[in-house]
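Data block below; observations after.
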Amino acid sequence: MIKLCRVDHRLLHGQVAFSWCHALGADAILVASDAAASDPIRMKTMRLAKPVGMKLVIKSIDDSIAAIKSGVTDKYKLLVVTGSVADGARLVEECGIPSLNLGGTEKTDQTTKTLGIAVHVTDQEREILRALVEKGVEVEIRQVAKDKKAVLSAADL
Amino acid sequence: MTRIVLASHGRLADGMKDTLSFILGDLPNVSTICAYVDQDVSLRSQIDQTFAEFSPEDAVVVVTDIFGGSVNNEFMALLGEKDFILVAGMNMPTLVELVSEDEPTVEGVQSVVERGRQSILVCNGLASDESEEF
């Protein structure tokens with residue numbers, strides 16, 4: 001089952017590997033990212049840095065959705081990490097995941113709103129998130145597992 | 001509850017706690033002792049003040065910066081007097097694991113330190129595992 005679906009532009013890093021895996025009791029991590037799945041150096045680094053005893057699978061978004069839908073991930077306590085709001089929204093919608101965690105998105109020239117610490121979104125991303133909220137998906141901000149869950153309403157976006 | 005005390009020459013302990021909180025979130029059970037920052041305050045008084053906040057049921061783990069340093073020496077001298085586990089050589093991988101440990105015992109802390117040691121690596125030329133599948 002999917003314990004958490006997280007948007008984090010840094011993908012697999014300290015907060016995810018130590019705080020989230022421990023708190024969720026996860027036994028597998030799926031990094032769902034077209035960019036990471038086509039970057040051998042990035043894949044190598046993540047494989048080296050994964051927590052001991054944890055299964056780490058890196059797939060493109062299409063392959064990730066196919067894997068989740070096929071049921072092969074059902075037996076795992078799975079943490080899904082993806083790099084962008086658009087990718088997170090696709091995963092949530094196509095796989096029927098009830099909640100999306102926003103952990104970190106980079107501030108750029110295009111971002112127009114800061115939703116919480118380390119979460120910056122563009123107009124287009126605000127639109128995507130609003131649509132999710134309106135469909136009843138829980139969209140929440142937490143950097144680490146111990147943080148208080150800040151659930152967003154359409155008005156926050 | 002479990003109490004973790006980070007103790008260092010200068011401000012390393014505060015810095016370690018700052019970075020630990022960045023990774024793990026708020027850590028109310030982690031205390032710090034930065035020795036010799038204030039010339040007028042003795043290390044012994046800092047230690048006494050820190051321990052005074054704990055209750056007798058608390059399990060205490062002290063992690064110092066370096067074995068053989070005066071901070072660790074001071075705690076070594078206290079091992080017969082107070083009940084706590086003492087680790088020398090603080091580093092992030094060990095602390096991340098230690099903070100996630102529920103009820104620390106000497107054996108438990110020993111294996112945490114062992115795992116931390118395995119995470120101290122020269123990264124040039126490391127070979128990564130094969131890719132995994134579900």
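In the structure tokens, chains take the letters A, B, ... in the order shown, each chain's residues start at 1, and ligands count up from 1 in the order shown.
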
Could you make a table, as a Markdown table, of the residues of chain B that have an atom within 6 Å of an atom of chain A, each with its nearest atom pair and distance in Å to one decimal, counting only C-alpha atoms, in chain and number order?
```
| residue | atom | partner | partner_atom | distance |
| --- | --- | --- | --- | --- |
| B:Ile23 | CA | A:Gln15 | CA | 4.6 |
| B:Leu24 | CA | A:Ser19 | CA | 5.0 |
| B:Gly25 | CA | A:Lys146 | CA | 5.6 |
| B:Ser128 | CA | A:Leu48 | CA | 5.5 |
| B:Glu132 | CA | A:Val57 | CA | 5.4 |
| B:Glu133 | CA | A:Val57 | CA | 5.8 |
```

Output of the above residues as a tab-separated table (two decimals), in the first residue's frame, restricted to C-alpha atoms:
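Ended up saving to out.tsv:
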```
chain	number	residue	atom	x	y	z
B	23	ILE	CA	16.39	16.44	8.84
B	24	LEU	CA	14.11	15.03	11.53
B	25	GLY	CA	12.00	17.95	12.76
B	128	SER	CA	26.44	1.23	-6.45
B	132	GLU	CA	15.97	-2.90	-8.13
B	133	GLU	CA	12.48	-3.86	-9.24
```

Write out as number ranges by chain all residues of chain B that DSSP puts in helix (DSSP H, G or I) for this structure's backbone.
-> B: 12-24, 43-52, 70-78, 92-99, 106-118

What does the distance from CA of Ser33 in chain A to CA of Arg6 in chain A come to in Å, to one decimal?
->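 Distance between the two atoms: 11.8 Å.
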
Running DSSP on the backbone, which parts of range 3-129 of chain B land in strand (DSSP E), as a PyMOL selection string?
-> chain B and resi 3-9+30-35+59-64+85-88

Any idea what's packed within 7 Å of Arg130 in chain A, counting only C-alpha atoms, ignoring anything in its chain fewer than 4 positions away? Could you give it as a ChimeraX atom specification?
-> /A:126,134,154,157

Please produce a file of the residues just selected, as a JSON list (two decimals), in the first residue's frame, where the atoms kept are C-alpha atoms.
```json
[["chain", "number", "residue", "atom", "x", "y", "z"],
["A", 126, "ARG", "CA", -1.84, 26.36, -8.23],
["A", 134, "GLU", "CA", -11.92, 20.23, -5.51],
["A", 154, "ALA", "CA", -8.88, 25.82, -2.45],
["A", 157, "LEU", "CA", -4.16, 28.28, -3.37]]
```
